[in-house]
>>> print(open('entry.csv').read())   # CSV, C-alpha atoms and all ligand atoms
chain,number,residue,atom,x,y,z
A,1444,MET,CA,1.1,10.8,-38.1
A,1445,ALA,CA,-0.3,8.9,-35.1
A,1446,SER,CA,-3.2,6.5,-35.7
A,1447,LYS,CA,-6.6,7.1,-34.2
A,1448,LYS,CA,-5.9,4.3,-31.7
A,1449,GLU,CA,-2.6,5.9,-30.6
A,1450,LEU,CA,-4.3,9.3,-30.2
A,1451,ARG,CA,-7.0,7.7,-28.1
A,1452,GLN,CA,-4.4,5.9,-25.9
A,1453,LEU,CA,-2.6,9.2,-25.5
A,1454,ALA,CA,-5.9,11.0,-24.5
A,1455,ILE,CA,-6.6,8.2,-21.9
A,1456,GLU,CA,-3.1,8.6,-20.4
A,1457,ARG,CA,-3.5,12.4,-20.2
A,1458,GLU,CA,-6.9,12.0,-18.5
A,1459,GLN,CA,-5.4,9.6,-16.0
A,1460,GLN,CA,-2.6,12.0,-15.2
A,1461,ARG,CA,-5.1,14.8,-14.9
A,1462,ARG,CA,-7.2,12.8,-12.4
A,1463,ASN,CA,-4.1,11.8,-10.4
A,1464,GLN,CA,-3.0,15.4,-10.3
A,1465,GLN,CA,-6.5,16.6,-9.2
A,1466,ARG,CA,-6.6,14.0,-6.4
A,1467,ALA,CA,-3.1,15.1,-5.3
A,1468,GLU,CA,-4.0,18.7,-5.3
A,1469,ALA,CA,-7.2,18.0,-3.3
A,1470,CYS,CA,-5.0,16.5,-0.5
A,1471,PRO,CA,-4.1,19.1,2.2
A,1472,ILE,CA,-0.7,17.5,2.8
A,1473,SER,CA,2.2,16.7,0.5
A,1474,HIS,CA,2.9,13.2,-1.0
A,1475,VAL,CA,6.0,12.9,1.3
A,1476,ASP,CA,4.0,13.8,4.4
A,1477,PHE,CA,1.2,11.5,3.4
A,1478,GLU,CA,3.5,8.5,3.0
A,1479,ALA,CA,5.2,9.3,6.4
A,1480,MET,CA,1.7,9.5,8.0
A,1481,VAL,CA,0.7,6.1,6.6
A,1482,ASP,CA,4.0,4.5,7.6
A,1483,HIS,CA,3.6,5.9,11.1
A,1484,VAL,CA,0.0,4.7,11.5
A,1485,SER,CA,0.9,1.3,10.1
A,1486,ASP,CA,3.9,0.8,12.4
A,1487,TYR,CA,1.9,1.9,15.4
A,1488,LEU,CA,-1.1,-0.3,14.7
A,1489,VAL,CA,1.0,-3.4,14.0
A,1490,ASP,CA,2.7,-3.0,17.4
A,1491,HIS,CA,-0.1,-1.6,19.5
A,1492,GLY,CA,-3.4,-2.5,17.9
A,1493,HIS,CA,-6.1,0.1,17.2
A,1494,SER,CA,-9.2,1.8,18.5
A,1495,HIS,CA,-11.9,2.8,16.0
A,1496,ASP,CA,-10.9,6.4,15.7
A,1497,PHE,CA,-8.3,8.7,14.1
A,1498,ALA,CA,-6.2,9.0,17.4
A,1499,VAL,CA,-2.9,7.9,15.9
A,1500,THR,CA,-3.4,9.7,12.5
A,1501,ALA,CA,-4.4,12.9,14.3
A,1502,ALA,CA,-1.5,12.8,16.7
A,1503,PHE,CA,0.9,12.4,13.8
A,1504,LEU,CA,-0.5,15.4,12.0
A,1505,LYS,CA,-0.4,17.5,15.1
A,1506,ASP,CA,3.1,16.5,16.0
A,1507,HIS,CA,4.3,17.4,12.4
A,1508,ARG,CA,2.3,20.7,12.4
A,1509,LEU,CA,0.2,19.5,9.5
A,1510,PRO,CA,-3.5,20.5,9.1
A,1511,VAL,CA,-5.5,18.0,11.2
A,1512,GLU,CA,-9.1,18.9,10.4
A,1513,SER,CA,-8.8,19.2,6.6
A,1514,THR,CA,-6.7,16.1,6.3
A,1515,LEU,CA,-9.1,14.0,8.3
A,1516,SER,CA,-11.9,15.4,6.1
A,1517,PHE,CA,-10.0,14.5,3.0
A,1518,LEU,CA,-9.7,10.9,4.3
A,1519,THR,CA,-13.3,10.5,5.4
A,1520,GLU,CA,-14.6,11.8,2.1
A,1521,ARG,CA,-12.6,9.0,0.6
A,1522,ARG,CA,-14.2,6.4,2.9
A,1523,ILE,CA,-11.2,6.2,5.2
A,1524,LYS,CA,-12.9,6.4,8.5
A,1525,ASP,CA,-10.3,5.6,11.2
A,1526,ASP,CA,-6.7,4.6,11.8
A,1527,TRP,CA,-7.3,1.1,10.7
A,1528,ASP,CA,-8.6,2.3,7.3
A,1529,VAL,CA,-5.5,4.4,7.0
A,1530,LEU,CA,-3.4,1.2,7.3
A,1531,VAL,CA,-5.6,-0.9,5.1
A,1532,SER,CA,-6.8,1.6,2.4
A,1533,GLY,CA,-4.6,4.7,2.9
A,1534,ASP,CA,-1.8,3.8,0.5
A,1535,ALA,CA,-0.4,7.0,-0.9
A,1536,HIS,CA,0.0,5.3,-4.3
A,1537,GLY,CA,-3.8,5.3,-4.5
A,1538,PHE,CA,-3.9,9.1,-4.2
A,1539,PHE,CA,-0.7,10.3,-5.8
A,1540,GLY,CA,-0.2,7.6,-8.4
A,1541,SER,CA,2.4,4.7,-8.6
A,1542,SER,CA,6.1,5.3,-8.5
A,1543,SER,CA,8.7,3.9,-10.9
A,1544,ASP,CA,9.3,0.8,-8.8
A,1545,ARG,CA,6.1,0.2,-6.8
A,1546,LEU,CA,2.4,0.1,-7.5
A,1547,VAL,CA,1.6,-0.1,-3.8
A,1548,ARG,CA,3.4,0.3,-0.5
A,1549,MET,CA,6.0,-2.5,0.0
A,1550,PRO,CA,9.4,-2.2,1.7
A,1551,LEU,CA,10.6,-5.6,0.3
A,1552,GLU,CA,12.1,-6.1,-3.1
A,1553,GLU,CA,10.4,-8.6,-5.4
A,1554,SER,CA,13.0,-11.4,-5.0
A,1555,GLU,CA,12.8,-11.0,-1.2
A,1556,LEU,CA,9.1,-11.1,-1.2
A,1557,ASN,CA,9.1,-14.2,-3.4
A,1558,ASP,CA,11.5,-15.9,-1.0
A,1559,LEU,CA,9.3,-14.9,2.0
A,1560,LEU,CA,6.1,-16.3,0.3
A,1561,ASP,CA,7.8,-19.5,-0.8
A,1562,TRP,CA,9.1,-20.1,2.8
A,1563,VAL,CA,5.9,-19.3,4.6
A,1564,ASP,CA,3.9,-21.4,2.1
A,1565,ALA,CA,6.2,-24.4,2.7
A,1566,GLU,CA,6.1,-23.9,6.5
A,1567,ILE,CA,2.3,-23.8,6.5
A,1568,GLN,CA,2.2,-27.1,4.5
A,1569,ARG,CA,4.3,-28.6,7.3
A,1570,SER,CA,2.9,-27.1,10.4
A,1571,GLY,CA,-0.3,-25.1,9.5
A,1572,CYS,CA,-1.2,-21.5,10.4
A,1573,ASP,CA,-1.9,-20.4,14.0
A,1574,HIS,CA,-3.5,-17.3,12.5
A,1575,THR,CA,-0.8,-14.9,13.6
A,1576,HIS,CA,2.2,-13.6,11.7
A,1577,ARG,CA,4.5,-16.0,13.6
A,1578,LEU,CA,6.2,-17.4,10.5
A,1579,THR,CA,6.2,-14.1,8.5
A,1580,ARG,CA,7.7,-12.4,11.5
A,1581,THR,CA,10.4,-15.0,11.9
A,1582,TRP,CA,11.5,-14.8,8.3
A,1583,LEU,CA,11.6,-11.0,8.3
A,1584,THR,CA,13.6,-10.9,11.5
A,1585,GLU,CA,16.0,-13.6,10.4
A,1586,HIS,CA,16.7,-11.9,7.1
A,1587,GLY,CA,17.1,-8.4,8.6
A,1588,HIS,CA,14.1,-6.7,7.1
A,1589,PRO,CA,12.0,-4.0,8.8
A,1590,THR,CA,9.5,-6.4,10.5
A,1591,THR,CA,6.8,-3.9,11.6
A,1592,ARG,CA,6.9,-1.9,8.4
A,1593,SER,CA,6.7,-5.0,6.2
A,1594,LEU,CA,3.9,-6.6,8.2
A,1595,GLY,CA,1.8,-3.4,7.8
A,1596,ALA,CA,2.3,-3.4,4.1
A,1597,LEU,CA,1.4,-7.1,3.9
A,1598,MET,CA,-1.8,-6.5,6.0
A,1599,ALA,CA,-2.8,-3.7,3.6
A,1600,LEU,CA,-2.7,-6.4,0.9
A,1601,GLY,CA,-4.9,-8.8,2.8
A,1602,GLY,CA,-2.2,-10.7,4.7
A,1603,PHE,CA,-3.6,-10.7,8.2
A,1604,CYS,CA,-1.9,-13.9,9.2
A,1605,ASP,CA,0.6,-16.4,7.7
A,1606,CYS,CA,-1.8,-18.4,5.6
A,1607,GLU,CA,-3.4,-15.1,4.3
A,1608,VAL,CA,0.1,-13.8,3.4
A,1609,ALA,CA,0.8,-17.0,1.5
A,1610,MET,CA,-2.7,-17.0,-0.1
A,1611,ASN,CA,-3.5,-13.3,-0.8
A,1612,ILE,CA,-0.2,-11.7,-1.7
A,1613,GLU,CA,0.6,-11.5,-5.4
A,1614,THR,CA,3.8,-9.8,-6.6
A,1615,ASP,CA,2.1,-8.8,-9.9
A,1616,GLY,CA,0.1,-6.1,-8.2
A,1617,ILE,CA,3.1,-4.7,-6.4
A,1618,TYR,CA,5.9,-4.3,-8.8
A,1619,PRO,CA,5.4,-2.6,-12.2
A,1620,ARG,CA,6.2,-4.7,-15.3
A,1621,ASN,CA,8.5,-2.6,-17.4
A,1622,ASN,CA,7.1,-3.7,-20.8
A,1623,SER,CA,4.6,-2.1,-23.0
A,1624,GLU,CA,1.6,-3.7,-21.3
A,1625,SER,CA,2.1,-1.7,-18.2
A,1626,GLY,CA,0.8,1.5,-19.9
A,1627,ARG,CA,-2.3,-0.2,-21.2
A,1628,ASP,CA,-5.7,-0.2,-19.5
A,1629,GLY,CA,-6.7,-3.6,-21.0
A,1630,ASN,CA,-10.1,-2.2,-22.0
A,1631,PRO,CA,-11.2,-3.8,-25.3
A,1632,ASN,CA,-13.4,-0.9,-26.2
A,1701,ZN,ZN,-4.1,-18.1,9.0
>>> encode(input="entry.csv", output="structure tokens", more="lines below")
Ligand SMILES: [Zn+2]
Amino acid sequence: MASKKELRQLAIEREQQRRNQQRAEACPISHVDFEAMVDHVSDYLVDHGHSHDFAVTAAFLKDHRLPVESTLSFLTERRIKDDWDVLVSGDAHGFFGSSSDRLVRMPLEESELNDLLDWVDAEIQRSGCDHTHRLTRTWLTEHGHPTTRSLGALMALGGFCDCEVAMNIETDGIYPRNNSESGRDGNPN
């Protein structure tokens, strides 16, 4: 028989699954469409900047024959108020749950990201940050990674320039740890 503690843990996990499912069901578009939407908005904003509205998000929905009004309502009800918020706070993982290999949106593998962070950190020590993504961009391009997509993902994690990439990005919150602690909520009660 399962102990009281195990039963309680199981109940917590079921409740989390139920909440994830409820949030996913409340979303007017599918998980796949949602991810494609965020990727598109992210790519566009990294390359073209943004105005404080939903122009890019709405255009994507319209182009893909997805419901515009209800999707924008879904977003605004969750405090996502414009395209910029979609890039910074619109990660599909937050609405549909984490995947087997990611807790948040990140095109780079863990070892790649570690190499990037180490290199950018070292370069900043030598020459400082000019508060652009000059160094991050250089590394991504030289190593053949999707530059725009990766920059958007780094921005969503607080990396708005090279020094912030080095300072704010932690691999722990990005890649799931496949040991027993990943399933625990860490709550002592
Ligand atoms: Zn900086």
>>> residues_around(input="entry.csv", residues="His1576 in chain A", least_positions_apart="5", cutoff="9 Å", atoms="all atoms listed in the file", output="PyMOL selection string")
chain A and resi 1581+1594+1602-1606+1608
>>> atom_distance(input="entry.csv", atom1="CA of Glu1553 in chain A", atom2="CA of Ser1473 in chain A")
27.2 Å
>>> closest_residue(input="entry.csv", among="A:Leu1583, A:Leu1546, A:Ala1596, A:Ile1567", to="ligand ZN 1701 (chain A)", atoms="only C-alpha atoms and all ligand atoms")
A:Ile1567
>>> closest_residue(input="entry.csv", among="A:Gly1601, A:Pro1589, A:Gly1571, A:Gly1616", to="ligand ZN 1701 (chain A)", atoms="all atoms listed in the file")
A:Gly1571
>>> residues_around(input="entry.csv", residues="Asp1482 in chain A", least_positions_apart="6", cutoff="12 Å", atoms="all atoms listed in the file", output="list of chain:residue names")
A:Val1475, A:Asp1476, A:Leu1488, A:Val1489, A:Val1499, A:Thr1500, A:Phe1503, A:Asp1526, A:Val1529, A:Leu1530, A:Val1531, A:Gly1533, A:Asp1534, A:Ala1535, A:Arg1548, A:Met1549, A:Pro1550, A:Pro1589, A:Thr1591, A:Arg1592, A:Ser1593, A:Leu1594, A:Gly1595, A:Ala1596, A:Ala1599
>>> atom_distance(input="entry.csv", atom1="atom ZN of ligand ZN 1701 (chain A)", atom2="CA of Glu1607 in chain A")
5.6 Å
>>> closest_residue(input="entry.csv", among="A:Arg1577, A:Asp1525, A:Leu1600, A:Ile1617", to="ligand ZN 1701 (chain A)", atoms="only C-alpha atoms and all ligand atoms")
A:Arg1577
>>> atom_distance(input="entry.csv", atom1="CA of Phe1497 in chain A", atom2="CA of Gly1537 in chain A")
19.4 Å
>>> residues_near_point(input="entry.csv", point="(1.3, 9.8, 11.5)", cutoff="9 Å", atoms="all atoms listed in the file", output="ChimeraX atom specification")
/A:1476-1485,1487,1499-1507
>>> build_atoms(input="entry.csv", residues="range 1564-1575 of chain A", atoms="N, CA and C atoms", output="JSON list (two decimals), in the coordinates of the input")
[["chain", "number", "residue", "atom", "x", "y", "z"],
["A", 1564, "ASP", "N", 4.81, -20.41, 2.74],
["A", 1564, "ASP", "CA", 3.90, -21.40, 2.10],
["A", 1564, "ASP", "C", 4.38, -22.82, 2.53],
["A", 1565, "ALA", "N", 5.69, -23.08, 2.40],
["A", 1565, "ALA", "CA", 6.20, -24.40, 2.70],
["A", 1565, "ALA", "C", 6.05, -24.73, 4.21],
["A", 1566, "GLU", "N", 6.28, -23.73, 5.07],
["A", 1566, "GLU", "CA", 6.10, -23.90, 6.50],
["A", 1566, "GLU", "C", 4.67, -24.25, 6.88],
["A", 1567, "ILE", "N", 3.75, -23.56, 6.21],
["A", 1567, "ILE", "CA", 2.30, -23.80, 6.50],
["A", 1567, "ILE", "C", 1.93, -25.20, 6.08],
["A", 1568, "GLN", "N", 2.47, -25.67, 4.95],
["A", 1568, "GLN", "CA", 2.20, -27.10, 4.50],
["A", 1568, "GLN", "C", 2.63, -28.03, 5.60],
["A", 1569, "ARG", "N", 3.74, -27.70, 6.25],
["A", 1569, "ARG", "CA", 4.30, -28.60, 7.30],
["A", 1569, "ARG", "C", 3.55, -28.52, 8.58],
["A", 1570, "SER", "N", 3.34, -27.27, 9.04],
["A", 1570, "SER", "CA", 2.90, -27.10, 10.40],
["A", 1570, "SER", "C", 1.58, -26.32, 10.58],
["A", 1571, "GLY", "N", 1.00, -25.87, 9.47],
["A", 1571, "GLY", "CA", -0.30, -25.10, 9.50],
["A", 1571, "GLY", "C", -0.07, -23.69, 9.98],
["A", 1572, "CYS", "N", -1.19, -22.96, 10.01],
["A", 1572, "CYS", "CA", -1.20, -21.50, 10.40],
["A", 1572, "CYS", "C", -1.85, -21.38, 11.74],
["A", 1573, "ASP", "N", -1.22, -20.66, 12.66],
["A", 1573, "ASP", "CA", -1.90, -20.40, 14.00],
["A", 1573, "ASP", "C", -2.60, -19.07, 13.93],
["A", 1574, "HIS", "N", -2.82, -18.54, 12.74],
["A", 1574, "HIS", "CA", -3.50, -17.30, 12.50],
["A", 1574, "HIS", "C", -2.93, -16.09, 13.23],
["A", 1575, "THR", "N", -1.60, -16.12, 13.29],
["A", 1575, "THR", "CA", -0.80, -14.90, 13.60],
["A", 1575, "THR", "C", 0.19, -14.75, 12.50]]
